[in-house]
Amino acid sequence: MSQFHLIDHPLITHKLTIMRNKKTGSKDFRELLNEISMLMGYELTRDLPLQDVTIETPITKMTAKMVSGRKLAIVPILRAGLGMVDGIQSLVPVAKVGHIGLYRDPETHQPVEYYCKLPSDIQDRLVILVDPMLATGGSAIDALTLLKNKGCKNIRFMCLVAAPEGVAKVLKAHPDVEIYGAALDDHLNDHAYIVPGLGDAGDRIFGTL
């Protein structure tokens with residue numbers, strides 16, 4: 001059964017507070033998102049399996065451990081998810097990157113798919129789906145469904161800020177997917193924005209306010 005994992009490391013909490021501040025500009029917002037994504041990436045990859053390898057240090061031969069052959073894929077939900085890719089990939093440079101394009105219809109608040117490009121062996125990889133905001137849950141649910149339709153069996157969803165309503169919907173729709181977030185906020189307002197939230201992540205990343 002899936003669950004919501006709150007990653008509330010003091011450095012993550014500190015950086016997220018700066019991101020929430022409306023006075024924080026796009027450059028600092030992007031850099032902080034990258035840093036938080038890397039810090040969260042440590043937790044998401046905590047249980048990667050290790051294997052024994054034989055190496056030779058400057059002193060002697062030894063048996064040491066390295067991450068075994070499990071392959072990773074990072075899949076951002078466009079466009080805001082792009083801001084989280086580099087942070088995770090800096091930890092796992094060999095991870096492949098796919099892209100899923102969804103936008104929220106301003107009238108219905110429902111996600112609309114407009115782009116999908118994934119690694120050819122995506123079904124064999126541990127997939128980390130990323131999007132800074134988990135609001136209504138519609139985009140995450142659709143993206144997870146799309147990945148499963150492509151044969152993915154091992155998926156984790158990582159967000160920065162989540163609303164309880166969105167978390168509940170994703171857990172109900174995809175009970176096998178673990179969700180990781182840096183904050184669980186209070187609620188959604190009438191415009192389906194997270195409160196207190198941090199505004200529109202895409203606009204703040206790309207300066208399109």
# chains A, B, ... in the order shown; residues from 1 in each chain; ligands from 1
$ residues_around --residues "Asp186 in chain A" --least-positions-apart "5" --cutoff "12 Å" --atoms "only C-alpha atoms" --output "list in words"
Ala135, Val161, Ala162, Ala163, Pro164, Glu165, Gly166, Val167, Tyr193, Ile194, Val195, Pro196 and Gly197 of chain A
$ select_by_dssp --residues "range 35-196 of chain A" --states "strand (DSSP E)" --output "PyMOL selection string"
chain A and resi 50-56+61-67+72-78+96-97+99-104+111-117+126-130+133-134+155-158+161-162+178-181+183-184+187-188+194-195
$ closest_residue --among "A:Thr108, A:Ser37, A:Ser139, A:Asn154" --to "Gly181 in chain A" --atoms "only C-alpha atoms"
A:Ser37
$ atom_distance --atom1 "CA of Ala168 in chain A" --atom2 "CA of Gly137 in chain A"
8.3 Å
$ closest_residue --among "A:His187, A:Ile36, A:His5, A:Thr57" --to "Ile18 in chain A" --atoms "only C-alpha atoms"
A:Ile36
$ closest_atom_pairs --of "range 133-204 of chain A" --to "range 38-44 of chain A" --cutoff "9 Å" --atoms "only C-alpha atoms" --output "tab-separated table"
residue	atom	partner	partner_atom	distance
A:Arg156	CA	A:Leu44	CA	8.0
A:Met158	CA	A:Leu44	CA	8.3
A:Tyr180	CA	A:Leu44	CA	7.6
A:Gly181	CA	A:Met40	CA	8.2
A:Ala182	CA	A:Met40	CA	7.8
$ atom_distance --atom1 "CA of Leu78 in chain A" --atom2 "CA of Gly101 in chain A"
4.7 Å
$ atom_distance --atom1 "CA of Asp105 in chain A" --atom2 "CA of Ile155 in chain A"
25.6 Å
$ residues_around --residues "Leu198 in chain A" --least-positions-apart "2" --cutoff "7 Å" --atoms "only C-alpha atoms" --output "mmCIF file with N, CA and C atoms, in the first residue's frame"
data_model
loop_
_atom_site.group_PDB
_atom_site.id
_atom_site.type_symbol
_atom_site.label_atom_id
_atom_site.label_comp_id
_atom_site.auth_asym_id
_atom_site.auth_seq_id
_atom_site.Cartn_x
_atom_site.Cartn_y
_atom_site.Cartn_z
ATOM 1 N N MET A 19 11.730 29.766 -0.944
ATOM 2 C CA MET A 19 10.991 29.619 -2.196
ATOM 3 C C MET A 19 9.564 30.122 -2.073
ATOM 4 N N ARG A 20 8.951 29.911 -0.929
ATOM 5 C CA ARG A 20 7.562 30.343 -0.736
ATOM 6 C C ARG A 20 7.441 31.878 -0.768
ATOM 7 N N PRO A 196 -0.838 27.226 2.070
ATOM 8 C CA PRO A 196 -0.308 28.507 1.606
ATOM 9 C C PRO A 196 0.477 28.421 0.295
ATOM 10 N N ASP A 200 2.324 29.704 -8.649
ATOM 11 C CA ASP A 200 2.471 28.843 -9.820
ATOM 12 C C ASP A 200 3.948 28.534 -10.014
#
$ residues_around --residues "Leu33 in chain A" --least-positions-apart "5" --cutoff "9 Å" --atoms "only C-alpha atoms" --output "list in words"
Lys15, Leu16, Met19, Asp28, Met38, Gly83, Met84, Gly87, Pro132, Leu160 and Ile205 of chain A
$ write_last_selection --atoms "N, CA, C and O atoms" --output "PDB file, in the first residue's frame"
ATOM      1  N   LYS A  15      15.139  25.976   2.828  1.00  0.00           N
ATOM      2  CA  LYS A  15      15.156  26.402   1.424  1.00  0.00           C
ATOM      3  C   LYS A  15      13.738  26.566   0.881  1.00  0.00           C
ATOM      4  O   LYS A  15      13.463  27.477   0.088  1.00  0.00           O
ATOM      5  N   LEU A  16      12.831  25.701   1.325  1.00  0.00           N
ATOM      6  CA  LEU A  16      11.446  25.806   0.880  1.00  0.00           C
ATOM      7  C   LEU A  16      10.806  27.096   1.376  1.00  0.00           C
ATOM      8  O   LEU A  16      10.020  27.730   0.659  1.00  0.00           O
ATOM      9  N   MET A  19      11.730  29.766  -0.944  1.00  0.00           N
ATOM     10  CA  MET A  19      10.991  29.619  -2.196  1.00  0.00           C
ATOM     11  C   MET A  19       9.564  30.122  -2.073  1.00  0.00           C
ATOM     12  O   MET A  19       9.008  30.698  -3.015  1.00  0.00           O
ATOM     13  N   ASP A  28      16.834  32.656  -8.037  1.00  0.00           N
ATOM     14  CA  ASP A  28      16.973  31.998  -6.743  1.00  0.00           C
ATOM     15  C   ASP A  28      15.970  30.855  -6.601  1.00  0.00           C
ATOM     16  O   ASP A  28      16.290  29.802  -6.023  1.00  0.00           O
ATOM     17  N   MET A  38      17.829  17.656  -5.188  1.00  0.00           N
ATOM     18  CA  MET A  38      18.990  16.807  -4.920  1.00  0.00           C
ATOM     19  C   MET A  38      18.917  16.231  -3.508  1.00  0.00           C
ATOM     20  O   MET A  38      19.133  15.034  -3.303  1.00  0.00           O
ATOM     21  N   GLY A  83      12.382  21.687 -13.567  1.00  0.00           N
ATOM     22  CA  GLY A  83      13.242  22.300 -12.568  1.00  0.00           C
ATOM     23  C   GLY A  83      13.771  21.330 -11.530  1.00  0.00           C
ATOM     24  O   GLY A  83      14.645  21.700 -10.735  1.00  0.00           O
ATOM     25  N   MET A  84      13.280  20.093 -11.527  1.00  0.00           N
ATOM     26  CA  MET A  84      13.699  19.111 -10.527  1.00  0.00           C
ATOM     27  C   MET A  84      14.649  18.063 -11.088  1.00  0.00           C
ATOM     28  O   MET A  84      15.221  17.271 -10.334  1.00  0.00           O
ATOM     29  N   GLY A  87      18.821  18.268 -10.272  1.00  0.00           N
ATOM     30  CA  GLY A  87      19.190  17.927  -8.908  1.00  0.00           C
ATOM     31  C   GLY A  87      19.294  16.423  -8.704  1.00  0.00           C
ATOM     32  O   GLY A  87      20.253  15.927  -8.102  1.00  0.00           O
ATOM     33  N   PRO A 132       6.764  19.819  -9.069  1.00  0.00           N
ATOM     34  CA  PRO A 132       6.868  20.543  -7.799  1.00  0.00           C
ATOM     35  C   PRO A 132       5.579  20.589  -6.993  1.00  0.00           C
ATOM     36  O   PRO A 132       5.625  20.578  -5.763  1.00  0.00           O
ATOM     37  N   LEU A 160       7.289  18.861  -4.389  1.00  0.00           N
ATOM     38  CA  LEU A 160       7.805  19.774  -3.378  1.00  0.00           C
ATOM     39  C   LEU A 160       6.724  20.049  -2.338  1.00  0.00           C
ATOM     40  O   LEU A 160       6.905  19.803  -1.150  1.00  0.00           O
ATOM     41  N   ILE A 205       9.504  29.539 -11.916  1.00  0.00           N
ATOM     42  CA  ILE A 205      10.745  28.975 -12.447  1.00  0.00           C
ATOM     43  C   ILE A 205      11.202  29.723 -13.692  1.00  0.00           C
ATOM     44  O   ILE A 205      12.378  30.086 -13.825  1.00  0.00           O
TER      45      ILE A 205
END
$ residues_around --residues "Lys65 in chain A" --least-positions-apart "5" --cutoff "6 Å" --atoms "only C-alpha atoms" --output "number ranges by chain"
A: 50-53
$ closest_residue --among "A:Leu48, A:Val112, A:Val75, A:Val67" --to "Phe157 in chain A" --atoms "only C-alpha atoms"
A:Val75
$ residues_around --residues "Val94 in chain A" --least-positions-apart "5" --cutoff "12 Å" --atoms "only C-alpha atoms" --output "PDB file with N, CA and C atoms, in the first residue's frame"
ATOM      1  N   VAL A  67      26.257   0.523  -6.025  1.00  0.00           N
ATOM      2  CA  VAL A  67      24.863   0.330  -6.439  1.00  0.00           C
ATOM      3  C   VAL A  67      24.813  -0.719  -7.539  1.00  0.00           C
ATOM      4  N   GLY A  69      22.844  -3.132 -10.547  1.00  0.00           N
ATOM      5  CA  GLY A  69      22.468  -2.731 -11.893  1.00  0.00           C
ATOM      6  C   GLY A  69      21.101  -2.112 -12.093  1.00  0.00           C
ATOM      7  N   ARG A  70      20.383  -1.779 -11.014  1.00  0.00           N
ATOM      8  CA  ARG A  70      19.055  -1.200 -11.214  1.00  0.00           C
ATOM      9  C   ARG A  70      19.148   0.100 -11.993  1.00  0.00           C
ATOM     10  N   LYS A  71      18.366   0.218 -13.044  1.00  0.00           N
ATOM     11  CA  LYS A  71      18.400   1.397 -13.899  1.00  0.00           C
ATOM     12  C   LYS A  71      17.300   2.383 -13.492  1.00  0.00           C
ATOM     13  N   LEU A  72      17.637   3.663 -13.562  1.00  0.00           N
ATOM     14  CA  LEU A  72      16.707   4.707 -13.152  1.00  0.00           C
ATOM     15  C   LEU A  72      16.252   5.527 -14.350  1.00  0.00           C
ATOM     16  N   ALA A  73      15.073   6.103 -14.223  1.00  0.00           N
ATOM     17  CA  ALA A  73      14.577   7.089 -15.191  1.00  0.00           C
ATOM     18  C   ALA A  73      13.920   8.216 -14.408  1.00  0.00           C
ATOM     19  N   ILE A  74      14.194   9.439 -14.819  1.00  0.00           N
ATOM     20  CA  ILE A  74      13.563  10.623 -14.235  1.00  0.00           C
ATOM     21  C   ILE A  74      12.585  11.167 -15.262  1.00  0.00           C
ATOM     22  N   ASP A  86      17.698  18.210 -12.855  1.00  0.00           N
ATOM     23  CA  ASP A  86      19.155  18.319 -12.684  1.00  0.00           C
ATOM     24  C   ASP A  86      19.602  17.909 -11.289  1.00  0.00           C
ATOM     25  N   ILE A  88      18.317  15.673  -9.238  1.00  0.00           N
ATOM     26  CA  ILE A  88      18.342  14.217  -9.091  1.00  0.00           C
ATOM     27  C   ILE A  88      19.425  13.617  -9.977  1.00  0.00           C
ATOM     28  N   GLN A  89      19.553  14.145 -11.186  1.00  0.00           N
ATOM     29  CA  GLN A  89      20.527  13.580 -12.122  1.00  0.00           C
ATOM     30  C   GLN A  89      21.966  13.823 -11.667  1.00  0.00           C
ATOM     31  N   ARG A 125      12.891   0.169 -15.822  1.00  0.00           N
ATOM     32  CA  ARG A 125      13.568   1.112 -14.935  1.00  0.00           C
ATOM     33  C   ARG A 125      12.725   1.467 -13.713  1.00  0.00           C
TER      34      ARG A 125
END
$ residues_around --residues "Glu113 in chain A" --least-positions-apart "2" --cutoff "8 Å" --atoms "only C-alpha atoms" --output "mmCIF file with C-alpha atoms, in the first residue's frame"
data_model
loop_
_atom_site.group_PDB
_atom_site.id
_atom_site.type_symbol
_atom_site.label_atom_id
_atom_site.label_comp_id
_atom_site.auth_asym_id
_atom_site.auth_seq_id
_atom_site.Cartn_x
_atom_site.Cartn_y
_atom_site.Cartn_z
ATOM 1 C CA ILE A 100 5.327 14.067 -20.094
ATOM 2 C CA GLY A 101 3.493 17.221 -21.125
ATOM 3 C CA LEU A 102 0.279 18.046 -19.260
ATOM 4 C CA TYR A 103 -1.477 21.326 -18.641
ATOM 5 C CA PRO A 111 -5.126 17.822 -16.932
ATOM 6 C CA TYR A 115 3.419 15.522 -25.173
ATOM 7 C CA CYS A 116 5.028 12.222 -24.165
#
$ closest_residue --among "A:Ile179, A:Cys159, A:Met133, A:Ala173" --to "Thr145 in chain A" --atoms "only C-alpha atoms"
A:Ala173
$ closest_residue --among "A:His9, A:Lys96, A:Lys61, A:Lys153" --to "Pro76 in chain A" --atoms "only C-alpha atoms"
A:Lys96
$ decode --residues "range 28-174 of chain A" --atoms "C-alpha atoms" --output "PDB file, in the first residue's frame"
ATOM      1  CA  ASP A  28      16.973  31.998  -6.743  1.00  0.00           C
ATOM      2  CA  PHE A  29      13.742  30.002  -7.056  1.00  0.00           C
ATOM      3  CA  ARG A  30      15.286  27.751  -9.739  1.00  0.00           C
ATOM      4  CA  GLU A  31      18.496  27.252  -7.784  1.00  0.00           C
ATOM      5  CA  LEU A  32      16.643  26.373  -4.588  1.00  0.00           C
ATOM      6  CA  LEU A  33      14.368  23.926  -6.419  1.00  0.00           C
ATOM      7  CA  ASN A  34      17.448  22.239  -7.864  1.00  0.00           C
ATOM      8  CA  GLU A  35      19.071  22.006  -4.423  1.00  0.00           C
ATOM      9  CA  ILE A  36      15.944  20.653  -2.720  1.00  0.00           C
ATOM     10  CA  SER A  37      15.459  18.084  -5.487  1.00  0.00           C
ATOM     11  CA  MET A  38      18.990  16.807  -4.920  1.00  0.00           C
ATOM     12  CA  LEU A  39      18.468  16.609  -1.154  1.00  0.00           C
ATOM     13  CA  MET A  40      15.165  14.767  -1.623  1.00  0.00           C
ATOM     14  CA  GLY A  41      16.836  12.486  -4.134  1.00  0.00           C
ATOM     15  CA  TYR A  42      18.970  11.046  -1.348  1.00  0.00           C
ATOM     16  CA  GLU A  43      15.814   9.814   0.408  1.00  0.00           C
ATOM     17  CA  LEU A  44      14.193   8.461  -2.741  1.00  0.00           C
ATOM     18  CA  THR A  45      17.271   6.383  -3.529  1.00  0.00           C
ATOM     19  CA  ARG A  46      17.952   5.282   0.057  1.00  0.00           C
ATOM     20  CA  ASP A  47      16.902   1.682  -0.611  1.00  0.00           C
ATOM     21  CA  LEU A  48      18.767   1.117  -3.876  1.00  0.00           C
ATOM     22  CA  PRO A  49      20.334  -2.359  -3.727  1.00  0.00           C
ATOM     23  CA  LEU A  50      24.096  -2.719  -3.366  1.00  0.00           C
ATOM     24  CA  GLN A  51      26.430  -5.375  -4.683  1.00  0.00           C
ATOM     25  CA  ASP A  52      29.949  -6.425  -3.710  1.00  0.00           C
ATOM     26  CA  VAL A  53      32.817  -5.403  -5.978  1.00  0.00           C
ATOM     27  CA  THR A  54      36.550  -5.969  -5.677  1.00  0.00           C
ATOM     28  CA  ILE A  55      38.708  -2.851  -5.914  1.00  0.00           C
ATOM     29  CA  GLU A  56      42.253  -1.916  -5.093  1.00  0.00           C
ATOM     30  CA  THR A  57      42.926   1.112  -2.918  1.00  0.00           C
ATOM     31  CA  PRO A  58      46.395   2.722  -2.800  1.00  0.00           C
ATOM     32  CA  ILE A  59      47.021   0.408   0.165  1.00  0.00           C
ATOM     33  CA  THR A  60      45.411  -2.950  -0.601  1.00  0.00           C
ATOM     34  CA  LYS A  61      42.699  -4.921  -2.349  1.00  0.00           C
ATOM     35  CA  MET A  62      39.272  -4.938  -0.730  1.00  0.00           C
ATOM     36  CA  THR A  63      35.670  -5.924  -1.227  1.00  0.00           C
ATOM     37  CA  ALA A  64      33.473  -2.815  -1.315  1.00  0.00           C
ATOM     38  CA  LYS A  65      29.886  -2.045  -2.245  1.00  0.00           C
ATOM     39  CA  MET A  66      28.409  -0.198  -5.206  1.00  0.00           C
ATOM     40  CA  VAL A  67      24.863   0.330  -6.439  1.00  0.00           C
ATOM     41  CA  SER A  68      23.799  -2.738  -8.376  1.00  0.00           C
ATOM     42  CA  GLY A  69      22.468  -2.731 -11.893  1.00  0.00           C
ATOM     43  CA  ARG A  70      19.055  -1.200 -11.214  1.00  0.00           C
ATOM     44  CA  LYS A  71      18.400   1.397 -13.899  1.00  0.00           C
ATOM     45  CA  LEU A  72      16.707   4.707 -13.152  1.00  0.00           C
ATOM     46  CA  ALA A  73      14.577   7.089 -15.191  1.00  0.00           C
ATOM     47  CA  ILE A  74      13.563  10.623 -14.235  1.00  0.00           C
ATOM     48  CA  VAL A  75      10.314  11.793 -15.804  1.00  0.00           C
ATOM     49  CA  PRO A  76       9.260  15.419 -15.223  1.00  0.00           C
ATOM     50  CA  ILE A  77       5.701  16.558 -15.821  1.00  0.00           C
ATOM     51  CA  LEU A  78       6.180  19.590 -18.072  1.00  0.00           C
ATOM     52  CA  ARG A  79       6.847  22.306 -17.596  1.00  0.00           C
ATOM     53  CA  ALA A  80       7.512  22.861 -13.897  1.00  0.00           C
ATOM     54  CA  GLY A  81       8.905  19.358 -13.395  1.00  0.00           C
ATOM     55  CA  LEU A  82      11.920  20.303 -15.509  1.00  0.00           C
ATOM     56  CA  GLY A  83      13.242  22.300 -12.568  1.00  0.00           C
ATOM     57  CA  MET A  84      13.699  19.111 -10.527  1.00  0.00           C
ATOM     58  CA  VAL A  85      15.605  16.974 -13.034  1.00  0.00           C
ATOM     59  CA  ASP A  86      19.155  18.319 -12.684  1.00  0.00           C
ATOM     60  CA  GLY A  87      19.190  17.927  -8.908  1.00  0.00           C
ATOM     61  CA  ILE A  88      18.342  14.217  -9.091  1.00  0.00           C
ATOM     62  CA  GLN A  89      20.527  13.580 -12.122  1.00  0.00           C
ATOM     63  CA  SER A  90      23.519  15.077 -10.322  1.00  0.00           C
ATOM     64  CA  LEU A  91      23.201  12.134  -7.917  1.00  0.00           C
ATOM     65  CA  VAL A  92      22.596   9.538 -10.630  1.00  0.00           C
ATOM     66  CA  PRO A  93      24.245  10.836 -13.824  1.00  0.00           C
ATOM     67  CA  VAL A  94      23.428   7.651 -15.774  1.00  0.00           C
ATOM     68  CA  ALA A  95      19.682   8.017 -15.231  1.00  0.00           C
ATOM     69  CA  LYS A  96      17.720   8.544 -18.437  1.00  0.00           C
ATOM     70  CA  VAL A  97      15.176  11.337 -18.722  1.00  0.00           C
ATOM     71  CA  GLY A  98      11.710  11.206 -20.287  1.00  0.00           C
ATOM     72  CA  HIS A  99       9.087  13.939 -20.539  1.00  0.00           C
ATOM     73  CA  ILE A 100       5.327  14.067 -20.094  1.00  0.00           C
ATOM     74  CA  GLY A 101       3.493  17.221 -21.125  1.00  0.00           C
ATOM     75  CA  LEU A 102       0.279  18.046 -19.260  1.00  0.00           C
ATOM     76  CA  TYR A 103      -1.477  21.326 -18.641  1.00  0.00           C
ATOM     77  CA  ARG A 104      -4.429  22.168 -16.431  1.00  0.00           C
ATOM     78  CA  ASP A 105      -7.564  23.354 -18.181  1.00  0.00           C
ATOM     79  CA  PRO A 106      -8.393  26.706 -16.546  1.00  0.00           C
ATOM     80  CA  GLU A 107     -12.118  25.983 -16.605  1.00  0.00           C
ATOM     81  CA  THR A 108     -12.328  22.342 -15.549  1.00  0.00           C
ATOM     82  CA  HIS A 109      -9.005  22.193 -13.634  1.00  0.00           C
ATOM     83  CA  GLN A 110      -8.469  18.827 -15.353  1.00  0.00           C
ATOM     84  CA  PRO A 111      -5.126  17.822 -16.932  1.00  0.00           C
ATOM     85  CA  VAL A 112      -4.755  17.693 -20.720  1.00  0.00           C
ATOM     86  CA  GLU A 113      -1.903  15.666 -22.267  1.00  0.00           C
ATOM     87  CA  TYR A 114       0.009  17.285 -25.121  1.00  0.00           C
ATOM     88  CA  TYR A 115       3.419  15.522 -25.173  1.00  0.00           C
ATOM     89  CA  CYS A 116       5.028  12.222 -24.165  1.00  0.00           C
ATOM     90  CA  LYS A 117       8.573  11.043 -24.903  1.00  0.00           C
ATOM     91  CA  LEU A 118      10.057   8.253 -22.780  1.00  0.00           C
ATOM     92  CA  PRO A 119      13.180   6.027 -22.874  1.00  0.00           C
ATOM     93  CA  SER A 120      12.584   2.897 -24.953  1.00  0.00           C
ATOM     94  CA  ASP A 121      13.308   0.653 -21.970  1.00  0.00           C
ATOM     95  CA  ILE A 122      11.235   2.666 -19.505  1.00  0.00           C
ATOM     96  CA  GLN A 123       9.381  -0.487 -18.374  1.00  0.00           C
ATOM     97  CA  ASP A 124      12.648  -1.932 -17.023  1.00  0.00           C
ATOM     98  CA  ARG A 125      13.568   1.112 -14.935  1.00  0.00           C
ATOM     99  CA  LEU A 126      12.759   2.521 -11.531  1.00  0.00           C
ATOM    100  CA  VAL A 127      10.866   5.642 -12.573  1.00  0.00           C
ATOM    101  CA  ILE A 128      10.928   8.840 -10.524  1.00  0.00           C
ATOM    102  CA  LEU A 129       8.045  11.038 -11.685  1.00  0.00           C
ATOM    103  CA  VAL A 130       8.577  14.656 -10.626  1.00  0.00           C
ATOM    104  CA  ASP A 131       6.377  17.760 -10.376  1.00  0.00           C
ATOM    105  CA  PRO A 132       6.868  20.543  -7.799  1.00  0.00           C
ATOM    106  CA  MET A 133       3.161  20.827  -6.962  1.00  0.00           C
ATOM    107  CA  LEU A 134       0.652  18.111  -6.096  1.00  0.00           C
ATOM    108  CA  ALA A 135      -2.580  20.113  -6.045  1.00  0.00           C
ATOM    109  CA  THR A 136      -5.760  18.403  -7.312  1.00  0.00           C
ATOM    110  CA  GLY A 137      -3.798  15.262  -8.164  1.00  0.00           C
ATOM    111  CA  GLY A 138      -5.167  15.159 -11.716  1.00  0.00           C
ATOM    112  CA  SER A 139      -1.861  15.587 -13.532  1.00  0.00           C
ATOM    113  CA  ALA A 140      -0.058  13.095 -11.304  1.00  0.00           C
ATOM    114  CA  ILE A 141      -2.806  10.495 -11.717  1.00  0.00           C
ATOM    115  CA  ASP A 142      -2.823  10.875 -15.497  1.00  0.00           C
ATOM    116  CA  ALA A 143       0.971  10.747 -15.725  1.00  0.00           C
ATOM    117  CA  LEU A 144       1.129   7.653 -13.527  1.00  0.00           C
ATOM    118  CA  THR A 145      -1.577   5.971 -15.608  1.00  0.00           C
ATOM    119  CA  LEU A 146       0.340   6.793 -18.782  1.00  0.00           C
ATOM    120  CA  LEU A 147       3.551   5.322 -17.346  1.00  0.00           C
ATOM    121  CA  LYS A 148       1.769   2.147 -16.293  1.00  0.00           C
ATOM    122  CA  ASN A 149       0.263   1.847 -19.767  1.00  0.00           C
ATOM    123  CA  LYS A 150       3.841   1.929 -21.077  1.00  0.00           C
ATOM    124  CA  GLY A 151       4.665  -1.050 -18.890  1.00  0.00           C
ATOM    125  CA  CYS A 152       6.234   0.686 -15.865  1.00  0.00           C
ATOM    126  CA  LYS A 153       5.896  -1.342 -12.674  1.00  0.00           C
ATOM    127  CA  ASN A 154       8.150   0.512 -10.239  1.00  0.00           C
ATOM    128  CA  ILE A 155       7.254   4.219  -9.968  1.00  0.00           C
ATOM    129  CA  ARG A 156       7.824   6.826  -7.263  1.00  0.00           C
ATOM    130  CA  PHE A 157       6.308  10.301  -7.334  1.00  0.00           C
ATOM    131  CA  MET A 158       8.260  13.245  -5.948  1.00  0.00           C
ATOM    132  CA  CYS A 159       6.831  16.704  -5.356  1.00  0.00           C
ATOM    133  CA  LEU A 160       7.805  19.774  -3.378  1.00  0.00           C
ATOM    134  CA  VAL A 161       4.474  20.926  -1.935  1.00  0.00           C
ATOM    135  CA  ALA A 162       1.322  18.819  -1.702  1.00  0.00           C
ATOM    136  CA  ALA A 163      -2.306  19.443  -0.800  1.00  0.00           C
ATOM    137  CA  PRO A 164      -4.146  16.806   1.264  1.00  0.00           C
ATOM    138  CA  GLU A 165      -6.870  16.562  -1.393  1.00  0.00           C
ATOM    139  CA  GLY A 166      -4.351  15.715  -4.113  1.00  0.00           C
ATOM    140  CA  VAL A 167      -2.469  13.216  -1.978  1.00  0.00           C
ATOM    141  CA  ALA A 168      -5.697  11.374  -1.135  1.00  0.00           C
ATOM    142  CA  LYS A 169      -6.744  11.160  -4.800  1.00  0.00           C
ATOM    143  CA  VAL A 170      -3.364   9.874  -5.983  1.00  0.00           C
ATOM    144  CA  LEU A 171      -3.167   7.277  -3.208  1.00  0.00           C
ATOM    145  CA  LYS A 172      -6.663   6.075  -4.089  1.00  0.00           C
ATOM    146  CA  ALA A 173      -6.001   5.904  -7.836  1.00  0.00           C
ATOM    147  CA  HIS A 174      -2.505   4.401  -7.570  1.00  0.00           C
TER     148      HIS A 174
END
